[in-house]
Each structure stands twice: as C-alpha cells, then as structure tokens.
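J.: I have a structure here, written as structure tokens, and I will follow up with some questions on it.
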Amino acid sequence: MTAPVRVGVIGTGFGARVVAPTFASTEGCEVVDVVSARDDEAIVSLCRRADLDLVSVHSPPFLHADHVRRALDAGRAVLCDKPFARDCVEAASLLGDAEAAGVIHLVNFEFRFDPSRRHVRELLATGAAGRPEHVQWTHLSSGSRVPLRPFGWLFDREQGGGWIGAWASHAVDTLRFLLGAELDVVASVPRTAVPRRPDRDGVLRPCTAEDGLAAALRSTDGATIAIDSSFAAPATLPPRLVIVGDDGVIENVADAKVALHRADGTRDTTTFERAAGDRHGGPMARWAEVVRDAVRAGIAPPDAATFADGLACDRVLDALRRPAIV
C-alpha cells in the first residue's frame, strides 16, 4: 500500500477553507495540521515535523518568502499560493533557494486544471481556431464593493495587496498556459475605484493598492491582449475570455460554456457543470491530485506550475503595477 502524502497547511483563511479540506478529501493525501500564518512558533514546529511531506503556504503575500524558506530549510516540498512573491526579485531568489534545496516546488495556479480552460487549451493546440491573433478578457466583480469589504492587507501595496496580484496573477498564468508563450506589457492602467475603506475598528484607511486594471499586452508569438477587470464594480457580470484566431473565435463565458465560432458560420458549444461552493474548489480538487503525484514521484509534470512559472508571472505583474502607456 502506498503511503499517503502528508500535508501541512499554513493559513487559516483560504488555506483552511478550501485547501485543507481539498487535500483531506483527496485519495492518497492526509492533512497533518493547519496553522495560522501569524503563529511563527507553530509554523516552525510544523515544518520540522517528521510526519510531513508537503508544506502548502497560503499566507498573505508579504509572508510567502519567509514561510517558503522555512519549508525549504526543513527539506520539504512546497506549494505556494499566488501571487508567488511581492516582486520578481524576491521570486527569483525563492526559485534559486528551491533549486538549491532540490525539492518539489509548485505555485497554486489551480485554474490550469479547470476543465473549461483545459478545453480551450486543447482547441488551441489542435488549431481549431487557427493561429491566435488577439485575446480579450473582461472580468468585472462587485466582490469588494457590495457589500463594502473592510480595509486589510488586500488593499495595502506594502503587504503585497492589490487586484493585480489577486486576479491578474491567475489571468497571466492562464494566458501563458493557453498560448504557450510569454507576455510583454504594452500599456497598463491600474485604478482604485474605492480610495478609502474602514478598517475593522471603523477607521477610514487609504487604499494604496489597486482594485481594478485595464491593460494591453502582447505575446511573444505576436498576439495582442486586452484585459479589463475590476473587483469594485457596482455589479458582477459573467467573466468572458475571447481568443480570436485567424480561422475562428474561441469564447469562454464564466468557465461554464466554451463556444468555438468558425469562419464558415458554424459553431460548437461545450458546457461545464460548476460544483457548488467556492469557485476554486473544483480546479483545486484536480490540482491536489497532480500535487500528490508530483510529491510522490519527485518530479513535477509539464502542466504543473512551478516556482519558475511563478517568477515568469511576477515579471509581468511587476510591469502591470507600473502605470504606463507606450
């Protein structure tokens, strides 16, 4: 009988709410503990446990580097949430540390394993729409505005907050994964629709991190990319990803319906049932199985995001955070 992969989780937010239950319900995995990201003593104790194979880091971004290094120092495989690091310099340092430690290192880009996005990737790989020429991604959410979300690290740039790290990290990784190409930022306009928010004591605090983004990018294969997203819209609309090829258009609406519109006017539509509960739950369940197998084998499969992917993503995020129109 194969021994279970024993997982320790750092983070009592997303880590406790989604990640720990997912690993606990994944065959061949066992969650040994979930500790607070603010409890240094518990984190040190967790990383030094003998009955531990993987440390899954889901602390706020400004704590990622410290927690990842504690796991690496203990010789543990590491899964780190996104955004991977506060900037690409820190990301490059963490990648170097992980390679020196010789352990499995992964970044939690679980949407690589969303079935609708994998279907889009297959359509692109088989040339169903021809060569990608343009991408348009619109994602408008009222998640931080209705009701008004209180001030916290998510709205503080110094602590790694901002919608670019929270959402654009997933978008950038998805585009790299789908297109099989790197991305360059042509123009970026981060925006803050809600400039001040009350903290938990009711004191109004200035928001130093963006809650929305409009940007133009270009892939190294020549495709142009337009992104328009907000976490502070007055209403939520179904997100829409459109990829225009030279022989057709692929449209993904809310990761629930993918349509291939052909040049001859015909169309194929595939629908995907979304599981109840947290939006991350379904992709995370598939990703947990990949993580388990990677830890067991001692090697990450080609479609798994590693610290190298985290670094590539952070290079783009750094450019998106700098307001610039070329």
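In the structure tokens, each chain is lettered A, B, ... as it comes, each chain's residues begin at 1, and ligands are numbered from 1 in order of appearance.
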Write out as a PyMOL selection string all residues of stretch 20-255 of chain A that backbone DSSP assigns to alpha helix (DSSP H).
T.: chain A and resi 20-24+40-47+61-73+88-101+115-125+163+169-179
J.: At a cut-off of 9 Å, using only C-alpha atoms, what residues contact stretch 53-59 of chain A? Leave out same-chain residues fewer than 3 positions from it and give the result as a ChimeraX atom specification.
T.: /A:5-16,19-20,36-38,46-47,50,62-64,67-68,71,75-82,104,108,292,295
J.: At a cut-off of 8 Å, using only C-alpha atoms, what residues contact A:Ala226? Leave out same-chain residues fewer than 2 positions from it and give the result as a list in words.
T.: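 The residues satisfying every condition are Val135, Gln136, Trp137, Ala214, Ala215, Ala216, Leu217, Thr224 and Asp228 of chain A.
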J.: Can you list every residue of stretch 220-308 of chain A that has an atom at most 12 Å from stretch 188-204 of chain A, with its nearest atom pair and the distance in Å to one decimal, using only C-alpha atoms, ordered by chain then number, as JSON lines?
T.:
{"residue": "A:Ile225", "atom": "CA", "partner": "A:Ser188", "partner_atom": "CA", "distance": 11.6}
{"residue": "A:Ala226", "atom": "CA", "partner": "A:Ser188", "partner_atom": "CA", "distance": 10.0}
{"residue": "A:Ile227", "atom": "CA", "partner": "A:Ser188", "partner_atom": "CA", "distance": 9.3}
{"residue": "A:Asp228", "atom": "CA", "partner": "A:Val189", "partner_atom": "CA", "distance": 9.6}
{"residue": "A:Ser229", "atom": "CA", "partner": "A:Pro190", "partner_atom": "CA", "distance": 9.6}
{"residue": "A:Ser230", "atom": "CA", "partner": "A:Arg191", "partner_atom": "CA", "distance": 8.6}
{"residue": "A:Phe231", "atom": "CA", "partner": "A:Ala193", "partner_atom": "CA", "distance": 9.0}
{"residue": "A:Ala232", "atom": "CA", "partner": "A:Ala193", "partner_atom": "CA", "distance": 6.4}
{"residue": "A:Ala233", "atom": "CA", "partner": "A:Ala193", "partner_atom": "CA", "distance": 8.1}
{"residue": "A:Pro234", "atom": "CA", "partner": "A:Ala193", "partner_atom": "CA", "distance": 10.1}
J.: So which residues of stretch 260-305 of chain A fall under strand (DSSP E) by DSSP, listed as a ChimeraX atom specification?
T.: /A:260-262,267-271
J.: Quick one: pull the distance between atom CA of A:Pro132 and atom CA of A:Leu241, Å, one decimal.
T.: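 Between these atoms lies a distance of 13.0 Å.
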J.: Quick one, how far is atom CA of A:Ala100 from atom CA of A:Phe307?
T.: 12.6 Å
J.: Mind pulling up the distance from atom CA of A:Phe177 to atom CA of A:Phe23?
T.: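 Interatomic distance, atom CA of A:Phe23 to atom CA of A:Phe177: 23.8 Å.
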J.: Compile the contact shell of A:Pro302 as a list in words: residues with an atom at most 12 Å away, counting only C-alpha atoms, same-chain residues fewer than 6 positions apart removed.
T.: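 What passes the distance filter is Leu106, Arg112, Phe177, Gly180, Val290, Ala294, Ala308 and Asp309 of chain A.
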J.: Counting only C-alpha atoms, which of A:Ala254, A:Thr2, A:Leu95, A:Ala276 gets nearest to A:Ala297?
T.: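 So, comparing all the options, the nearest one is A:Thr2.
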J.: Given only C-alpha atoms, how would the per-residue table for stretch 31-138 of chain A near stretch 259-275 of chain A read, listing every residue at most 12 Å away with its closest atom pair and distance in Å to one decimal, sorted by chain and number, as CSV?
T.:
residue,atom,partner,partner_atom,distance
A:Asp114,CA,A:Phe272,CA,9.7
A:Pro115,CA,A:Phe272,CA,7.4
A:Ser116,CA,A:Phe272,CA,6.6
A:Arg117,CA,A:Phe272,CA,10.3
A:Arg118,CA,A:Phe272,CA,11.4
A:His119,CA,A:Thr270,CA,8.9
A:Val120,CA,A:Leu260,CA,9.1
A:Glu122,CA,A:Leu260,CA,11.7
A:Leu123,CA,A:Leu260,CA,8.4
A:Leu124,CA,A:Leu260,CA,10.4
A:Gly127,CA,A:Leu260,CA,11.3
A:Ala128,CA,A:Leu260,CA,7.9
A:Ala129,CA,A:Arg262,CA,7.0
A:Gly130,CA,A:Arg262,CA,9.7
J.: With only C-alpha atoms as the atoms that count, which of A:Ser144, A:Phe111, A:Glu289, A:Ala65 lies nearest to A:Pro4?
T.: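 Smallest distance to A:Pro4 is found for A:Glu289.
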